[in-house]
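Worksheet: the structure to be examined is printed underneath.
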Amino acid sequence: MNDPYETLGVAPTASAEDIQKAYRKLAKKLHPDLNPGNAEAEEKFKEIASAYGLVGDAEKRKRFDSGEIDAAGAERPPQHYYKDYASSEQDHPYADNSGFADFMDSEDAFAELLRRSARAQANRRGHDLEVRLPIEFIESIAGANKRLILPDGGTLDVDIPPGITEGQVLRLRGKGAPGSGKGGFGDALIEVEIKPDRLFTRQGDDIYLELPVTLTEAVLGARIKVPTPTGAVSMAMPKGSNTGTTLRLRGKGAPRHAGGYGDQLVKLKVMLPQEPDPELEAFVSNWEGGKTYNPREEVKP
Amino acid sequence: MKISREQFLSLSGMADEMLNAWIEEEWLIPRGSSPELSFSEIDIARARLIRELRVDFGVNDEGVGVILNLVDQLHGMRRTLRELRQEVRTTPEQD
C-alpha cells in the first residue's frame, strides 16, 4: 500500500484536524454509496479509508510514524455497502422509481419499454424453490404422499405419482416463494431421489428381483410367493428351474408412461440347505446322473 | 435473513432512542409493526451509510434525508436501466 499521507494528500506533519478534513473531502467524492457503479471510485475509497484508519487515529499514527506498524497493517476486510443490497434484484422497502416517472408518461417506444419494465418489477413472480426429496424404492413404484419440511420451517405435501424415476422433477405450481404485486408465487421444484432397495432394482419399466429357492422347489417345481413392490403374488415355478432361470410376472412392473405396466423379472437362485445334510449327501453320492452331466461345457479351460 | 430489534442494535452499535428517531424519519423502514420489528442486512448497511454521512461527512439531519432520497432514486434508475438492457438483449431484432 502507498504512503497513507500521500494517499490522503497531506504532509506527514499535518495536524489531526487537517487529516480529518482531507479524508472527508476525498470520502465525499469517492464513497461507494454515492458512486454506485463506479468501480474506480470504490477502489480509491478503500485506499483512503484504510489510510485514514491508520493516520486518522492518534495512537495508530504514532506507531506508524515510529515505524512500529506499516501501512499494510491497516488494510480492512472487504465490507458490504448499502449499494450492494439496494441494487439487488430482491425487493426492499427503499426501492424508488419516482426519479423517471415523467419519462414513462410519453408515447414513444422508450416510454413503453420503461412502463413494461416497471410493471415487470412491480409484479415480479416469486422465486422457484428447489428441494430434493428422498423416497423409498417401493414408494417410487406404487406412489406415495410425502410431507416435506421446507428450509423456512413450512411444510409441503407432495403427491408422488406411481412409477416416478430417479432425478425426475415435480413442479408444484404456486408453492414457491411469494412474488411482489400481482406477481404471484413461484413454483416448488421437487427433485426425487430414489433410495436403493435391498431386493428390487429397476430397468426401464421392468423390475428385477433375485429370488432364492430350495433345491426341492427347483427340481420338482412349486408354487411360491414372490414379493413385488405392490405386495406379494403367487408364482408357478416350473419343474427343473435352475439358478439364473428368469421368470416373468406380467404387469407387475412400474407403470408405463403410455399406460399399462412393465413386468417383474424374477431371477431364481437355487440354494442348498445352510447346514450340511447327511441324507442329501448320501443321495447325491449314489446319484449316477450327477457324475456324468457337465455344466462347464462352455467354460472348458 | 431476519434480524430482531435487539440484534440490530448490537450489530449496528446504535442506541435505542437513535433507532427510534431514524425509524420515525423513515430513514430506516423495518418490516412488521412495533414492537415486533424485523430488520435485514440492507438495513444494517443503510444504517452504516447514515452514520458515515453524519459522523464522517458532517452532514446534518436534513441533509441525510435528502441524500437518502436521491441515492434511492439513483438505485431505482440503475435497476430499471439494467432491466431495459435485459429487455433489449432478449428482444429479437426485426428486419
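Letters A, B, ... mark the chains of the C-alpha cells in the order given; residue numbers begin at 1 per chain; ligand numbers begin at 1, in order shown.
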
*Got a sec: who's within 6 Å of segment 109-126 of chain A, counting only C-alpha atoms, leaving out chain neighbours fewer than 5 positions off, as a ChimeraX atom specification?*
/A:103-104,177-186

Export of prior selection with C-alpha atoms as a PDB file, in the first residue's frame:
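Written output follows (again_27.pdb):
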```pdb
ATOM      1  CA  PHE A 103     -40.278   9.581 -18.850  1.00  0.00           C
ATOM      2  CA  MET A 104     -42.956   6.944 -18.634  1.00  0.00           C
ATOM      3  CA  ALA A 177     -41.576 -18.034  -2.777  1.00  0.00           C
ATOM      4  CA  PRO A 178     -44.083 -15.146  -2.817  1.00  0.00           C
ATOM      5  CA  GLY A 179     -43.722 -12.563  -5.572  1.00  0.00           C
ATOM      6  CA  SER A 180     -44.350  -8.843  -5.490  1.00  0.00           C
ATOM      7  CA  GLY A 181     -47.561  -7.090  -6.512  1.00  0.00           C
ATOM      8  CA  LYS A 182     -49.605  -9.325  -8.766  1.00  0.00           C
ATOM      9  CA  GLY A 183     -46.529 -11.434  -9.460  1.00  0.00           C
ATOM     10  CA  GLY A 184     -47.837 -14.453  -7.672  1.00  0.00           C
ATOM     11  CA  PHE A 185     -45.899 -17.273  -6.109  1.00  0.00           C
ATOM     12  CA  GLY A 186     -43.054 -19.156  -7.740  1.00  0.00           C
TER      13      GLY A 186
END
```

*At a cut-off of 9 Å, list the chain A residues touching chain B, using only C-alpha atoms, as an MDAnalysis selection string.*
chainID A and resid 20 23:25 27:28 33:34 36:37 80:89 92:100 113:114 117:118 121

Just write the chosen residues, N, CA and C atoms, as an mmCIF file, in the first residue's frame.
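Generated file (out_0.cif):
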```
data_model
loop_
_atom_site.group_PDB
_atom_site.id
_atom_site.type_symbol
_atom_site.label_atom_id
_atom_site.label_comp_id
_atom_site.auth_asym_id
_atom_site.auth_seq_id
_atom_site.Cartn_x
_atom_site.Cartn_y
_atom_site.Cartn_z
ATOM 1 N N GLN A 20 -8.250 14.853 9.053
ATOM 2 C CA GLN A 20 -9.686 14.553 9.009
ATOM 3 C C GLN A 20 -10.364 15.323 7.874
ATOM 4 N N TYR A 23 -9.506 13.731 4.601
ATOM 5 C CA TYR A 23 -10.237 12.475 4.413
ATOM 6 C C TYR A 23 -11.685 12.729 4.020
ATOM 7 N N ARG A 24 -12.338 13.615 4.759
ATOM 8 C CA ARG A 24 -13.754 13.891 4.472
ATOM 9 C C ARG A 24 -13.956 14.414 3.061
ATOM 10 N N LYS A 25 -13.039 15.244 2.646
ATOM 11 C CA LYS A 25 -13.148 15.837 1.326
ATOM 12 C C LYS A 25 -13.085 14.738 0.250
ATOM 13 N N ALA A 27 -13.536 11.440 0.806
ATOM 14 C CA ALA A 27 -14.582 10.441 1.023
ATOM 15 C C ALA A 27 -15.903 10.896 0.422
ATOM 16 N N LYS A 28 -16.195 12.181 0.532
ATOM 17 C CA LYS A 28 -17.439 12.705 -0.031
ATOM 18 C C LYS A 28 -17.490 12.471 -1.532
ATOM 19 N N ASP A 33 -21.214 4.378 -1.909
ATOM 20 C CA ASP A 33 -22.670 4.520 -1.941
ATOM 21 C C ASP A 33 -23.115 5.792 -2.652
ATOM 22 N N LEU A 34 -22.195 6.723 -2.800
ATOM 23 C CA LEU A 34 -22.533 7.930 -3.550
ATOM 24 C C LEU A 34 -22.047 7.820 -4.994
ATOM 25 N N PRO A 36 -22.469 4.576 -6.957
ATOM 26 C CA PRO A 36 -22.734 3.174 -7.309
ATOM 27 C C PRO A 36 -22.379 2.957 -8.773
ATOM 28 N N GLY A 37 -21.743 1.844 -9.064
ATOM 29 C CA GLY A 37 -21.411 1.563 -10.460
ATOM 30 C C GLY A 37 -20.045 2.084 -10.856
ATOM 31 N N HIS A 80 -19.604 -4.755 2.974
ATOM 32 C CA HIS A 80 -20.738 -4.594 2.073
ATOM 33 C C HIS A 80 -21.303 -3.204 2.236
ATOM 34 N N TYR A 81 -21.474 -2.540 1.119
ATOM 35 C CA TYR A 81 -22.049 -1.201 1.160
ATOM 36 C C TYR A 81 -23.550 -1.292 0.940
ATOM 37 N N TYR A 82 -24.208 -0.212 1.237
ATOM 38 C CA TYR A 82 -25.650 -0.149 1.019
ATOM 39 C C TYR A 82 -25.989 -0.488 -0.425
ATOM 40 N N LYS A 83 -25.180 0.011 -1.362
ATOM 41 C CA LYS A 83 -25.472 -0.192 -2.783
ATOM 42 C C LYS A 83 -25.515 -1.687 -3.143
ATOM 43 N N ASP A 84 -24.733 -2.508 -2.413
ATOM 44 C CA ASP A 84 -24.704 -3.937 -2.735
ATOM 45 C C ASP A 84 -26.078 -4.572 -2.500
ATOM 46 N N TYR A 85 -26.819 -4.048 -1.544
ATOM 47 C CA TYR A 85 -28.165 -4.570 -1.287
ATOM 48 C C TYR A 85 -29.223 -3.827 -2.106
ATOM 49 N N ALA A 86 -29.043 -2.516 -2.183
ATOM 50 C CA ALA A 86 -30.060 -1.698 -2.840
ATOM 51 C C ALA A 86 -30.157 -2.025 -4.326
ATOM 52 N N SER A 87 -29.059 -2.521 -4.909
ATOM 53 C CA SER A 87 -29.085 -2.781 -6.347
ATOM 54 C C SER A 87 -29.462 -4.222 -6.653
ATOM 55 N N SER A 88 -29.724 -5.024 -5.604
ATOM 56 C CA SER A 88 -30.033 -6.426 -5.871
ATOM 57 C C SER A 88 -31.426 -6.555 -6.475
ATOM 58 N N GLU A 89 -31.674 -7.717 -7.046
ATOM 59 C CA GLU A 89 -32.956 -7.941 -7.710
ATOM 60 C C GLU A 89 -34.092 -8.092 -6.699
ATOM 61 N N HIS A 92 -36.953 -4.534 -1.765
ATOM 62 C CA HIS A 92 -36.628 -3.954 -0.473
ATOM 63 C C HIS A 92 -37.447 -2.670 -0.319
ATOM 64 N N PRO A 93 -37.640 -2.236 0.931
ATOM 65 C CA PRO A 93 -38.582 -1.137 1.176
ATOM 66 C C PRO A 93 -38.076 0.210 0.687
ATOM 67 N N TYR A 94 -36.813 0.295 0.249
ATOM 68 C CA TYR A 94 -36.276 1.599 -0.128
ATOM 69 C C TYR A 94 -36.309 1.827 -1.637
ATOM 70 N N ALA A 95 -36.814 0.824 -2.369
ATOM 71 C CA ALA A 95 -36.845 0.950 -3.823
ATOM 72 C C ALA A 95 -37.693 2.156 -4.212
ATOM 73 N N ASP A 96 -37.210 2.923 -5.170
ATOM 74 C CA ASP A 96 -37.869 4.176 -5.549
ATOM 75 C C ASP A 96 -37.734 4.390 -7.053
ATOM 76 N N ASN A 97 -38.843 4.336 -7.742
ATOM 77 C CA ASN A 97 -38.814 4.511 -9.193
ATOM 78 C C ASN A 97 -39.319 5.880 -9.630
ATOM 79 N N SER A 98 -39.445 6.800 -8.652
ATOM 80 C CA SER A 98 -40.090 8.070 -8.996
ATOM 81 C C SER A 98 -39.181 8.966 -9.830
ATOM 82 N N GLY A 99 -37.873 8.655 -9.849
ATOM 83 C CA GLY A 99 -36.914 9.542 -10.500
ATOM 84 C C GLY A 99 -37.080 9.650 -12.000
ATOM 85 N N PHE A 100 -37.872 8.765 -12.619
ATOM 86 C CA PHE A 100 -38.041 8.837 -14.072
ATOM 87 C C PHE A 100 -39.502 8.652 -14.440
ATOM 88 N N LEU A 113 -41.100 0.816 -23.196
ATOM 89 C CA LEU A 113 -40.122 -0.093 -22.592
ATOM 90 C C LEU A 113 -40.026 0.138 -21.086
ATOM 91 N N LEU A 114 -39.977 1.401 -20.705
ATOM 92 C CA LEU A 114 -39.892 1.734 -19.280
ATOM 93 C C LEU A 114 -41.118 1.233 -18.529
ATOM 94 N N SER A 117 -41.011 -2.461 -18.123
ATOM 95 C CA SER A 117 -40.040 -2.853 -17.122
ATOM 96 C C SER A 117 -40.550 -2.560 -15.708
ATOM 97 N N ALA A 118 -41.235 -1.422 -15.551
ATOM 98 C CA ALA A 118 -41.775 -1.062 -14.235
ATOM 99 C C ALA A 118 -42.861 -2.057 -13.820
ATOM 100 N N GLN A 121 -41.264 -5.161 -12.726
ATOM 101 C CA GLN A 121 -40.681 -5.035 -11.386
ATOM 102 C C GLN A 121 -41.747 -5.094 -10.314
#
```

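Residues in contact range of segment 232-235 of chain A, defined as at most 9 Å between only C-alpha atoms, with sequence neighbours fewer than 3 positions away removed, read Ala222, Arg223, Ile224, Lys225, Val226, Pro227, Thr228, Pro229, Leu247 and Leu249 of chain A.
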
*Lys269 of chain A environment, 10 Å, only C-alpha atoms, sequence neighbours closer than 3 positions dropped, as a list in words*: Glu210, Leu211, Pro212, Val213, Thr214, Leu215, Ala218, Ser241, Asn242, Thr243, Gly244, Thr245, Thr246, Val266 and Leu272 of chain A

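Neighbouring residues of Pro255 of chain A at 8 Å or closer, counting only C-alpha atoms and skipping chain neighbours under 6 positions away, are Ile141, Pro162, Gly163, Asp205, Tyr261 and Gly262 of chain A.
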
*Can you check which residues of segment 89-230 of chain A DSSP gives as helix (DSSP H, G or I) on the backbone and send them as an MDAnalysis selection string?*
chainID A and resid 98:104 109:122 137:142 215:220

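When only C-alpha atoms are used to compute distances to Glu17 of chain A, the closest of the residues A:Asp57, A:Asp157, A:Glu42, A:Glu279 turns out to be A:Asp57.
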